[in-house]
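Undergrad: Structure in structure tokens, see below.
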Amino acid sequence: MIFDPSNLLVITVSITFAGVLVAVLLIWIATRGASDAPKVMNEFQIRARSLEQTVSQLSATQSELSGRLKALADTQSAGQISLSRMMEERLDEVTYRMSSSLTDTASKTAETLGTLNTRLSLIDDAQKHISDLSREVVSLQDVLSNKQARGAFGEIQLADLVQDVLPPSAYSFQHTLSNGRRADCLIRLPSPPGPMVVDSKFPLEGFTSLAQAETEEAYLAAEKQFRSTMLRHIVDIAEKYIVPGETADSALLFLPSEGVYAALHSDFIDIVEKAFRARVWIVSPTTMMATLNTIRAVMKDATMREHADVIQKEVAVMMDDVERLKTRVSKLQGHFSQAERDIRDILHSTDKISRAGERIEGLKTEDLATAGEAKRAPEKQAETSAPARAGGMNGAGEPVIA
């Protein structure tokens, strides 16, 4: 049996109340005397029954309180069990989510690391290409820093452009003129204007000094150097490569750098004007390509003008061939017309045969039999009368006289 503190409380109250009641009764008997003893006992019994009812009510209340406490304890136990179950479910759910999240995170991390490794390998390849390009740029700088090598670079670029556009018979490299000067390239244009010289120049020092100038004094000095170099090149080309009666009255100055060409036309327009007056046309790789295409068109037109009589003669021969072709086509057309008439006649005969066949097919079987008997009757009569007239035939097929 489980000890309940409420039971001890009820017992204590009951004993205390009974003791107080007995004490009051004894005091009452002592004060009233023996004559009132029955009455006192009667009242005592009444009070005892009242006390018993009160104790019963207290017991009932205590039982009800015990039931409620038990129900509360059961409710609390069920709540604790439900809370524990819910906590376990929530803990399992959180654990599953954490596990899934960790798995996804690990998968994404692995994918990211794989992508990162791929990107790193691409970066390594790009780094190698950049290193190779850097070495090539350094080698190109070494080439361009040497005047002789830079000149050879310009001549090679000029030769590539000319060979890509013009036929081999239209140019020659390192051609020596009558004055003993050797031109980088001679383009054989028809007269006028005549053969035109192309000379390659690459004034890189002055242009580099302009780009690297940090002060105004340095820029002015570089500008003076670049201007002097370009004017000297223009004068040299005009004096050396324009030979009256041998070459055209103009020449081309080829700059292998688009940057130098752009800087010249944007900041040094006076040099360009002086080159025009000296009949020296400054060209870059891009404008040189356009110039060469124009030259090729001019050469083609001149060639056609030179061979105009040949072209006219060939055209006349071609017209004769066209006339013969026209005559033969006319004859062939006549053959086609005759063949068409023959086919038309054949189709007409075919139609007549088809209509006759349709008429024969339309006759009935009885009509065909009657017509056959009628046709065979005269034939039999003729066969019968013929031996009578001829005297018959013997077994050898000879006639017999009756």
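Following the order of the structure tokens, first chain is A, next is B, and so on, with residues numbered from 1 inside each chain and ligands from 1 in the order they appear.
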For stretch 224-237 of chain A, list every protein, DNA or RNA residue within 10 Å, evaluated using only C-alpha atoms, and leave out those in the same chain fewer than 2 positions away; present the list as a short mmCIF file (atom, residue, chain, number, x, y, z; two decimals) with all heavy atoms, in the first residue's frame.
TA:
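Result saved to out-v1.cif:
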data_model
loop_
_atom_site.label_atom_id
_atom_site.label_comp_id
_atom_site.auth_asym_id
_atom_site.auth_seq_id
_atom_site.Cartn_x
_atom_site.Cartn_y
_atom_site.Cartn_z
N ALA A 183 64.84 48.22 -104.41
CA ALA A 183 63.53 48.42 -103.78
C ALA A 183 63.07 47.13 -103.10
O ALA A 183 63.35 46.02 -103.56
CB ALA A 183 62.52 48.86 -104.83
N VAL A 197 57.04 51.49 -106.77
CA VAL A 197 57.93 50.93 -105.76
C VAL A 197 57.23 51.00 -104.40
O VAL A 197 56.57 52.01 -104.07
CB VAL A 197 59.26 51.68 -105.71
CG1 VAL A 197 60.11 51.19 -104.54
CG2 VAL A 197 60.01 51.49 -107.02
N VAL A 198 57.38 49.94 -103.60
CA VAL A 198 56.89 49.90 -102.22
C VAL A 198 58.09 49.67 -101.32
O VAL A 198 58.81 48.66 -101.49
CB VAL A 198 55.84 48.80 -102.00
CG1 VAL A 198 55.30 48.86 -100.58
CG2 VAL A 198 54.72 48.92 -103.02
N ASP A 199 58.33 50.58 -100.37
CA ASP A 199 59.45 50.45 -99.44
C ASP A 199 58.92 50.36 -98.01
O ASP A 199 58.02 51.12 -97.63
CB ASP A 199 60.41 51.64 -99.57
CG ASP A 199 61.73 51.38 -98.85
OD1 ASP A 199 62.46 50.47 -99.26
OD2 ASP A 199 62.01 52.10 -97.87
N SER A 200 59.47 49.43 -97.24
CA SER A 200 59.02 49.20 -95.87
C SER A 200 59.89 49.97 -94.89
O SER A 200 61.11 49.86 -94.93
CB SER A 200 59.05 47.70 -95.55
OG SER A 200 58.70 47.47 -94.20
N LYS A 201 59.22 50.74 -93.99
CA LYS A 201 59.92 51.48 -92.94
C LYS A 201 59.20 51.23 -91.62
O LYS A 201 57.97 51.11 -91.57
CB LYS A 201 59.93 52.99 -93.23
CG LYS A 201 60.61 53.38 -94.54
CD LYS A 201 62.10 53.07 -94.51
CE LYS A 201 62.77 53.52 -95.80
NZ LYS A 201 64.21 53.15 -95.82
N PHE A 202 60.00 51.16 -90.52
CA PHE A 202 59.41 50.86 -89.21
C PHE A 202 60.07 51.75 -88.15
O PHE A 202 60.95 51.31 -87.42
CB PHE A 202 59.62 49.38 -88.87
CG PHE A 202 58.64 48.87 -87.84
CD1 PHE A 202 58.52 47.50 -87.61
CD2 PHE A 202 57.83 49.71 -87.10
CE1 PHE A 202 57.63 47.00 -86.67
CE2 PHE A 202 56.94 49.24 -86.17
CZ PHE A 202 56.84 47.87 -85.95
N PRO A 203 59.62 53.03 -88.00
CA PRO A 203 60.22 53.94 -87.01
C PRO A 203 59.71 53.66 -85.61
O PRO A 203 58.87 54.39 -85.07
CB PRO A 203 59.78 55.32 -87.52
CG PRO A 203 58.47 55.06 -88.19
CD PRO A 203 58.59 53.70 -88.82
N LEU A 204 60.22 52.58 -85.01
CA LEU A 204 59.69 52.13 -83.72
C LEU A 204 60.26 52.92 -82.54
O LEU A 204 59.57 53.14 -81.54
CB LEU A 204 59.98 50.64 -83.53
CG LEU A 204 59.36 49.98 -82.29
CD1 LEU A 204 57.85 50.07 -82.33
CD2 LEU A 204 59.82 48.54 -82.16
N GLU A 205 61.53 53.35 -82.61
CA GLU A 205 62.15 54.02 -81.46
C GLU A 205 61.40 55.30 -81.09
O GLU A 205 61.07 55.53 -79.92
CB GLU A 205 63.62 54.33 -81.73
CG GLU A 205 64.53 53.13 -81.78
CD GLU A 205 64.56 52.49 -83.15
OE1 GLU A 205 63.79 52.93 -84.02
OE2 GLU A 205 65.34 51.55 -83.35
N GLY A 206 61.15 56.14 -82.11
CA GLY A 206 60.44 57.39 -81.81
C GLY A 206 59.04 57.16 -81.29
O GLY A 206 58.60 57.83 -80.35
N PHE A 207 58.34 56.17 -81.87
CA PHE A 207 56.98 55.88 -81.41
C PHE A 207 56.99 55.35 -79.97
O PHE A 207 56.15 55.73 -79.15
CB PHE A 207 56.34 54.87 -82.35
CG PHE A 207 54.95 54.47 -81.96
CD1 PHE A 207 53.89 55.33 -82.15
CD2 PHE A 207 54.69 53.22 -81.40
CE1 PHE A 207 52.60 54.97 -81.78
CE2 PHE A 207 53.43 52.86 -81.03
CZ PHE A 207 52.37 53.73 -81.23
N THR A 208 57.95 54.49 -79.66
CA THR A 208 58.05 53.96 -78.29
C THR A 208 58.40 55.06 -77.31
O THR A 208 57.87 55.11 -76.18
CB THR A 208 59.10 52.85 -78.25
OG1 THR A 208 58.79 51.86 -79.22
CG2 THR A 208 59.15 52.21 -76.88
N SER A 209 59.27 55.96 -77.71
CA SER A 209 59.62 57.09 -76.83
C SER A 209 58.42 57.97 -76.58
O SER A 209 58.22 58.48 -75.45
CB SER A 209 60.76 57.90 -77.46
OG SER A 209 61.90 57.09 -77.66
N LEU A 210 57.56 58.17 -77.59
CA LEU A 210 56.33 58.94 -77.38
C LEU A 210 55.40 58.26 -76.39
O LEU A 210 54.80 58.92 -75.52
CB LEU A 210 55.61 59.11 -78.73
CG LEU A 210 56.18 60.14 -79.71
CD1 LEU A 210 55.44 60.06 -81.04
CD2 LEU A 210 56.06 61.54 -79.14
N ALA A 218 60.34 65.20 -72.16
CA ALA A 218 60.60 63.91 -72.81
C ALA A 218 59.67 63.70 -74.00
O ALA A 218 60.08 63.19 -75.05
CB ALA A 218 60.44 62.78 -71.81
N TYR A 219 58.41 64.13 -73.85
CA TYR A 219 57.46 63.97 -74.96
C TYR A 219 57.86 64.84 -76.15
O TYR A 219 57.80 64.39 -77.30
CB TYR A 219 56.05 64.34 -74.49
CG TYR A 219 55.00 64.14 -75.56
CD1 TYR A 219 54.47 62.89 -75.80
CD2 TYR A 219 54.56 65.22 -76.33
CE1 TYR A 219 53.52 62.71 -76.79
CE2 TYR A 219 53.61 65.05 -77.32
CZ TYR A 219 53.10 63.79 -77.55
OH TYR A 219 52.16 63.61 -78.54
N LEU A 220 58.29 66.08 -75.89
CA LEU A 220 58.70 66.96 -76.98
C LEU A 220 59.93 66.42 -77.68
O LEU A 220 60.03 66.48 -78.92
CB LEU A 220 58.95 68.37 -76.43
CG LEU A 220 57.71 69.12 -75.91
CD1 LEU A 220 58.11 70.45 -75.29
CD2 LEU A 220 56.71 69.34 -77.04
N ALA A 221 60.87 65.87 -76.90
CA ALA A 221 62.07 65.29 -77.51
C ALA A 221 61.71 64.08 -78.37
O ALA A 221 62.23 63.92 -79.49
CB ALA A 221 63.06 64.91 -76.42
N ALA A 222 60.82 63.22 -77.86
CA ALA A 222 60.41 62.05 -78.64
C ALA A 222 59.63 62.45 -79.88
O ALA A 222 59.79 61.85 -80.96
CB ALA A 222 59.56 61.13 -77.76
N GLU A 239 63.37 60.45 -103.34
CA GLU A 239 64.59 60.64 -104.13
C GLU A 239 65.10 59.34 -104.75
O GLU A 239 65.66 59.35 -105.85
CB GLU A 239 65.68 61.25 -103.25
CG GLU A 239 65.39 62.69 -102.83
CD GLU A 239 66.47 63.25 -101.93
OE1 GLU A 239 67.37 62.46 -101.54
OE2 GLU A 239 66.43 64.45 -101.59
N LYS A 240 64.94 58.23 -104.07
CA LYS A 240 65.56 56.99 -104.52
C LYS A 240 64.65 56.16 -105.42
O LYS A 240 65.12 55.48 -106.34
CB LYS A 240 65.97 56.13 -103.32
CG LYS A 240 67.04 56.77 -102.44
CD LYS A 240 67.34 55.88 -101.24
CE LYS A 240 68.39 56.50 -100.32
NZ LYS A 240 68.67 55.65 -99.14
N TYR A 241 63.33 56.16 -105.15
CA TYR A 241 62.46 55.18 -105.78
C TYR A 241 61.45 55.79 -106.75
O TYR A 241 60.58 55.07 -107.25
CB TYR A 241 61.73 54.37 -104.72
CG TYR A 241 62.66 53.67 -103.77
CD1 TYR A 241 62.64 53.95 -102.40
CD2 TYR A 241 63.59 52.75 -104.23
CE1 TYR A 241 63.51 53.31 -101.52
CE2 TYR A 241 64.45 52.11 -103.36
CZ TYR A 241 64.41 52.40 -102.01
OH TYR A 241 65.29 51.78 -101.16
N ILE A 242 61.53 57.08 -106.99
CA ILE A 242 60.71 57.69 -108.04
C ILE A 242 61.65 58.11 -109.15
O ILE A 242 62.35 59.14 -109.07
CB ILE A 242 59.90 58.88 -107.50
CG1 ILE A 242 58.94 58.43 -106.38
CG2 ILE A 242 59.11 59.54 -108.62
CD1 ILE A 242 58.14 59.56 -105.76
N SER A 250 54.90 58.20 -108.31
CA SER A 250 54.60 58.11 -106.88
C SER A 250 55.12 56.77 -106.35
O SER A 250 55.46 55.87 -107.13
CB SER A 250 53.08 58.22 -106.63
OG SER A 250 52.39 57.18 -107.29
N ALA A 251 55.20 56.68 -105.03
CA ALA A 251 55.69 55.45 -104.38
C ALA A 251 54.91 55.24 -103.10
O ALA A 251 54.22 56.15 -102.60
CB ALA A 251 57.18 55.55 -104.10
N LEU A 252 55.01 54.03 -102.55
CA LEU A 252 54.31 53.66 -101.31
C LEU A 252 55.32 53.47 -100.19
O LEU A 252 56.34 52.80 -100.37
CB LEU A 252 53.51 52.37 -101.52
CG LEU A 252 52.37 52.41 -102.53
CD1 LEU A 252 51.72 51.04 -102.64
CD2 LEU A 252 51.33 53.44 -102.14
N LEU A 253 54.98 54.04 -98.99
CA LEU A 253 55.77 53.83 -97.78
C LEU A 253 54.94 52.91 -96.88
O LEU A 253 53.86 53.29 -96.39
CB LEU A 253 56.06 55.15 -97.07
CG LEU A 253 57.08 55.13 -95.93
CD1 LEU A 253 57.64 56.55 -95.71
CD2 LEU A 253 56.50 54.64 -94.61
N LEU A 264 50.33 58.52 -86.46
CA LEU A 264 50.80 59.45 -87.48
C LEU A 264 49.64 60.27 -88.05
O LEU A 264 49.76 61.49 -88.24
CB LEU A 264 51.48 58.66 -88.60
CG LEU A 264 52.16 59.46 -89.70
CD1 LEU A 264 53.34 60.23 -89.14
CD2 LEU A 264 52.63 58.52 -90.81
N PHE A 268 50.19 63.70 -86.18
CA PHE A 268 51.22 64.26 -87.06
C PHE A 268 50.67 64.40 -88.48
O PHE A 268 51.22 63.89 -89.45
CB PHE A 268 52.47 63.37 -87.06
CG PHE A 268 53.09 63.19 -85.70
CD1 PHE A 268 52.74 62.12 -84.90
CD2 PHE A 268 54.02 64.10 -85.23
CE1 PHE A 268 53.31 61.96 -83.64
CE2 PHE A 268 54.60 63.94 -83.98
CZ PHE A 268 54.24 62.88 -83.18
N ASP A 270 50.68 66.93 -90.29
CA ASP A 270 51.55 67.72 -91.17
C ASP A 270 52.54 66.82 -91.91
O ASP A 270 52.89 67.08 -93.07
CB ASP A 270 52.30 68.77 -90.35
CG ASP A 270 53.10 68.13 -89.21
OD1 ASP A 270 52.63 67.13 -88.64
OD2 ASP A 270 54.20 68.64 -88.89
N ILE A 271 52.99 65.73 -91.27
CA ILE A 271 53.88 64.79 -91.95
C ILE A 271 53.15 64.10 -93.09
O ILE A 271 53.71 63.89 -94.18
CB ILE A 271 54.43 63.77 -90.93
CG1 ILE A 271 55.27 64.48 -89.85
CG2 ILE A 271 55.26 62.70 -91.63
CD1 ILE A 271 55.80 63.55 -88.78
N VAL A 272 51.89 63.73 -92.86
CA VAL A 272 51.09 63.09 -93.91
C VAL A 272 50.91 64.04 -95.10
O VAL A 272 51.02 63.63 -96.26
CB VAL A 272 49.73 62.66 -93.34
CG1 VAL A 272 48.87 62.02 -94.43
CG2 VAL A 272 49.91 61.67 -92.19
N LYS A 274 52.94 66.48 -96.00
CA LYS A 274 54.22 66.59 -96.69
C LYS A 274 54.47 65.34 -97.54
O LYS A 274 55.03 65.44 -98.65
CB LYS A 274 55.34 66.77 -95.68
CG LYS A 274 55.32 68.13 -95.00
CD LYS A 274 56.47 68.27 -94.00
CE LYS A 274 56.44 69.63 -93.33
NZ LYS A 274 57.52 69.80 -92.33
N ALA A 275 54.06 64.18 -97.06
CA ALA A 275 54.21 62.96 -97.86
C ALA A 275 53.34 63.02 -99.11
O ALA A 275 53.76 62.59 -100.20
CB ALA A 275 53.83 61.75 -97.01
N PHE A 276 52.12 63.58 -98.99
CA PHE A 276 51.27 63.75 -100.17
C PHE A 276 51.93 64.66 -101.19
O PHE A 276 51.92 64.37 -102.40
CB PHE A 276 49.91 64.33 -99.76
CG PHE A 276 49.00 63.33 -99.10
CD1 PHE A 276 47.87 63.75 -98.41
CD2 PHE A 276 49.27 61.98 -99.15
CE1 PHE A 276 47.04 62.83 -97.80
CE2 PHE A 276 48.44 61.05 -98.55
CZ PHE A 276 47.32 61.49 -97.86
N ALA A 278 55.04 65.16 -101.59
CA ALA A 278 56.18 64.46 -102.17
C ALA A 278 55.75 63.25 -103.00
O ALA A 278 56.62 62.53 -103.52
CB ALA A 278 57.14 64.03 -101.07
N ARG A 279 54.41 62.98 -103.09
CA ARG A 279 53.85 61.85 -103.82
C ARG A 279 54.34 60.51 -103.27
O ARG A 279 54.65 59.57 -103.99
CB ARG A 279 54.15 61.97 -105.32
CG ARG A 279 53.70 63.30 -105.94
CD ARG A 279 53.80 63.29 -107.44
NE ARG A 279 52.83 62.36 -108.03
CZ ARG A 279 51.53 62.63 -108.22
NH1 ARG A 279 51.04 63.82 -107.83
NH2 ARG A 279 50.72 61.75 -108.76
N VAL A 280 54.41 60.48 -101.95
CA VAL A 280 54.72 59.25 -101.22
C VAL A 280 53.49 58.91 -100.39
O VAL A 280 53.16 59.63 -99.45
CB VAL A 280 55.97 59.42 -100.33
CG1 VAL A 280 56.19 58.14 -99.52
CG2 VAL A 280 57.19 59.73 -101.18
N TRP A 281 52.84 57.83 -100.74
CA TRP A 281 51.60 57.44 -100.05
C TRP A 281 51.94 56.48 -98.90
O TRP A 281 52.55 55.44 -99.12
CB TRP A 281 50.63 56.77 -101.01
CG TRP A 281 50.52 57.43 -102.36
CD1 TRP A 281 50.73 56.86 -103.57
CD2 TRP A 281 50.19 58.79 -102.62
NE1 TRP A 281 50.55 57.76 -104.57
CE2 TRP A 281 50.21 58.98 -104.02
CE3 TRP A 281 49.89 59.90 -101.81
CZ2 TRP A 281 49.94 60.18 -104.63
CZ3 TRP A 281 49.61 61.11 -102.41
CH2 TRP A 281 49.63 61.26 -103.80
N ILE A 282 51.53 56.88 -97.67
CA ILE A 282 51.81 56.07 -96.48
C ILE A 282 50.66 55.08 -96.29
O ILE A 282 49.49 55.47 -96.26
CB ILE A 282 51.96 56.96 -95.24
CG1 ILE A 282 53.09 57.98 -95.46
CG2 ILE A 282 52.24 56.12 -94.00
CD1 ILE A 282 53.22 59.00 -94.34
#
Undergrad: So which bits of stretch 244-359 of chain A end up strand (DSSP E) when you DSSP the backbone, as a list in words?
TA: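 Put together, the selection reads Ala251, Leu252, Leu253, Phe254, Val280, Trp281, Ile282 and Val283 of chain A.
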Undergrad: Would you mind telling me which residue in A:Ser191, A:Asn42, A:Thr112, A:Ser100 lies nearest to A:Ala302 when using only C-alpha atoms?
TA: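 Nearest candidate to A:Ala302 out of A:Ser191, A:Asn42, A:Thr112, A:Ser100: A:Ser191.
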Undergrad: May I have the residues within 12 Å of A:Pro168 as a PDB file with C-alpha atoms, in the first residue's frame, using only C-alpha atoms and disregarding those fewer than 2 positions away in the same chain?
TA:
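selection33.pdb written:
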ATOM      1  CA  ALA A 159      55.804  40.130 -99.045  1.00  0.00           C
ATOM      2  CA  VAL A 162      51.586  41.136-101.902  1.00  0.00           C
ATOM      3  CA  GLN A 163      51.767  37.382-102.544  1.00  0.00           C
ATOM      4  CA  ASP A 164      48.256  36.858-101.148  1.00  0.00           C
ATOM      5  CA  VAL A 165      46.635  39.377-103.528  1.00  0.00           C
ATOM      6  CA  LEU A 166      48.651  39.746-106.740  1.00  0.00           C
ATOM      7  CA  ALA A 170      52.718  41.422-111.219  1.00  0.00           C
ATOM      8  CA  TYR A 171      55.518  42.009-108.704  1.00  0.00           C
ATOM      9  CA  SER A 172      59.160  41.379-107.857  1.00  0.00           C
ATOM     10  CA  PHE A 173      61.077  41.707-104.577  1.00  0.00           C
ATOM     11  CA  LEU A 186      58.187  46.630-107.335  1.00  0.00           C
ATOM     12  CA  ILE A 187      54.587  46.324-108.515  1.00  0.00           C
ATOM     13  CA  ARG A 188      54.343  46.202-112.308  1.00  0.00           C
ATOM     14  CA  ARG A 296      44.625  43.973-109.046  1.00  0.00           C
TER      15      ARG A 296
END
Undergrad: So how far away is atom CA of A:Asp249 from atom CA of A:Pro193, in Å?
TA: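 So the two atoms, atom CA of A:Pro193 and atom CA of A:Asp249, lie 7.1 Å apart.
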Undergrad: One decimal, in Å: what's the spacing between atom CA of A:Ser337 and atom CA of A:Leu325?
TA: 18.2 Å
Undergrad: Mind listing the helix (DSSP H, G or I) residues of stretch 17-258 of chain A, per DSSP on the backbone, as a PyMOL selection string?
TA: chain A and resi 17-32+37-145+147-165+168-170+204-212+216-240+258
Undergrad: So what do you get for atom CA of A:Leu102 versus atom CA of A:Asn117, distance-wise?
TA: 21.9 Å
